[in-house]
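Below you'll find the structure, written out as structure tokens, and then a few comments.
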Amino acid sequence: MSTNIDVGTIDKTEHYNLPVSDVPLNPISRKERWAPYLILGPALLVTGVVLIPFFISIYYSLTDYRFTRPDINFVGLQNYIRILSSKAFWHSVQVTLQYALIAVSIETLLGVIIAFLLNTESLMAKILRPFLLMPLMIAPLITTLMWRLMMSPDFGVLNYILSFFGQREFPWATSPKTAMFTVLLVEVWTFTPFIALLVLAGLKALPKEPFEAAQVDGASRWFTLKNITLPLLTPYITIAVIFRLIDSLRQFDIIFGMSKGGPGDTLMNFQVYGYTSTFTYGKPAEGLAYIVINWFIIYIISTYMVKYWRKVQSRIS
Amino acid sequence: MKPPRDLEELYQIGLKLKECKPDMIPLVVRGTRSWATIHPSVMSWFTSYGGKDFEVGLDGKLTCALNKNPDAVAAHELWGKIIREIAQPNYSDYTWYDVANTFTQGKAVMFYDADIIGYFFRESSTFPDDWGLAPPPGKPGGKPTANEWIWAIGMNSQSKNKEATWLWMVWTTTKDYVLDAAVNGLTVDPIRTSTWESQIWKDHIAAFTGYVETFMEIQPYTQVYYTPQTAFFEATTEWAAALQKIHAGVPAQESLDEACKRIDESLR
């Protein structure tokens, strides 16, 4: 007997005469059976696409793969041991952390201040708000090249401006003393608006009741800022910091575009080392080991930051 | 002004130029953290001072020798002074293109680089009319050891069309083709003796002040001075990074010791 029976028209008493295997099941159940796969399918596909190169990278970092050799041999942790025991690695740890921490601190401070300044309905705030997006619309490498041109000692506008203050030939990224400052300047210019936008969105979304209550109680502006606005804003600031910290820890475009990691080794962070080892020295195994270590550091820091964000979120709610 | 014959003269002339031509950069050279910084200028004077990039150790393996020859290390120190005091202020930014552009724009008095700069840019309206070439300055009284950076054609052993490839290679190296490329194209430093003996070529190149004399003088001492080894890009990039440190004031010996340590590590 066929199972294609319209349940609605079945005389229920007939069921008692059917063999158990032929009893019609609820036709929705088949759809329900496939639904989880259909819902999760795209997510699984995306995860797969992300994870395949990741695991391939880990595999290659455990080999002696070089572009100049046709054969690839498994060498275990040899690349990692060599990297961890080199002076260059610890220098790159210092550069990576220094860059990320200073950049994110300044961007957060400036981003929050700008967000507060633009969180008004004044004409100036309305005009300036769309301009906030401008640095984010330009690719960081293009931004870096723009800044490089502005810093040129021959025709750069920045040195021209500085000449009014007696500084004719500021070395920018060409001196180890000023190279970090220079790339941080570009980084802060490019990404401060990102934090400002997130914080501004947070400010717009804050509940009005606590502020009204504070006003009724006669609380001062400082008291309101310190005890109501900033605590309520902390989850938004934390999220912005997490995004920026992850991005700054894997910074490449600005540093490479500005000086290829130089002068000397001044700006050689993980990503620049990884790129240089892979594409300049033709040693992808070593380059990928650098990148995997970089990933691990970012993973640890971002996991901790996300936990902190959850704690803050639950405390506020 | 006479072209400098050695690094010390180059430095002294640069200082004088700074005084009498304050609006111009006395010397432009490459300086980026790249292998390309090394081959035109650095490898030439380094060799002239008796330096070798690698030597064979007691164990029969190659070891970095950039830091071994005291004369060559002292030359690095002098080069540091040159690039700090008479070269472009943004030394570590300069690639071949920047050297060529700055000279072509008439902003620099001298360049220490490949002769193709004159070849490629001479059509530019701002390119100096009264320019000329001279042998690369090196050790006082030393030989003009120009490091050769050669572009060549070759055939892969895996080539599927060996005969056609071979015929093409034969054609592009014929006497007629090389002469035509040298006179009508932008092929610099023709490799055939017949071209050098040709009156057409001699007439064509006569406009390039000092070119023929320089070519003839440096020819016996010109070769690829790099030691063939697998870590070429790593060694030369580390060397360029060491030069950037020297430019920043780090002692030459210290910078080269550090570079050699890394280069030796990469060869292991």
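As shown in the structure tokens, the chain order sets the letters A, B, ...; within each chain, residues go from 1, and ligands are also counted from 1 in the order they appear.
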Select from chain A every residue with an atom at most 8 Å from any atom of chain B, then for each give the shortest pair of atoms and their distance in Å to one decimal, using only C-alpha atoms, rows by chain and rising number, as a tab-separated table.
```
residue	atom	partner	partner_atom	distance
A:Thr68	CA	B:Thr230	CA	7.6
A:Ser152	CA	B:Asn90	CA	7.9
A:Pro153	CA	B:Asn90	CA	7.1
A:Glu169	CA	B:Pro89	CA	7.5
A:Pro171	CA	B:Asn90	CA	6.7
A:Thr174	CA	B:Ser92	CA	5.5
A:Ser175	CA	B:Ala248	CA	6.5
A:Pro176	CA	B:Ala248	CA	6.9
A:Ser259	CA	B:Asp93	CA	6.8
A:Lys260	CA	B:Arg33	CA	6.6
A:Gly261	CA	B:Arg33	CA	7.8
A:Gly262	CA	B:Arg33	CA	6.2
A:Pro263	CA	B:Gln244	CA	5.4
A:Gly264	CA	B:Ala241	CA	4.2
A:Asp265	CA	B:Ala241	CA	6.8
A:Thr280	CA	B:Phe233	CA	6.3
A:Tyr281	CA	B:Glu234	CA	5.1
```
* To do: Fewer than 5 positions away in the same chain doesn't count, so skip those; otherwise give me all residues within 9 Å of region 194-203 of chain A, counting only C-alpha atoms, as a VMD selection string.
  => chain A and resid 107 to 108 110 to 116 118 to 119 129 132 to 133 135 to 136 229 232 to 233 235 to 237 239 to 241 244
* Counting only C-alpha atoms, what is within 8 Å of region 139-146 of chain B, bar same-chain residues fewer than 3 positions away, as a ChimeraX atom specification? -> /B:5-8,40,43-45,47-49,135-136,217-218,221-223
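Between CA of Leu27 (chain B) and CA of Gly80 (chain B) the interatomic distance comes to 13.1 Å.
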* 8 Å contact set for region 202-213 of chain B, only C-alpha atoms, chain neighbours under 5 positions out, as a ChimeraX atom specification -> /B:131-134,183,196-197
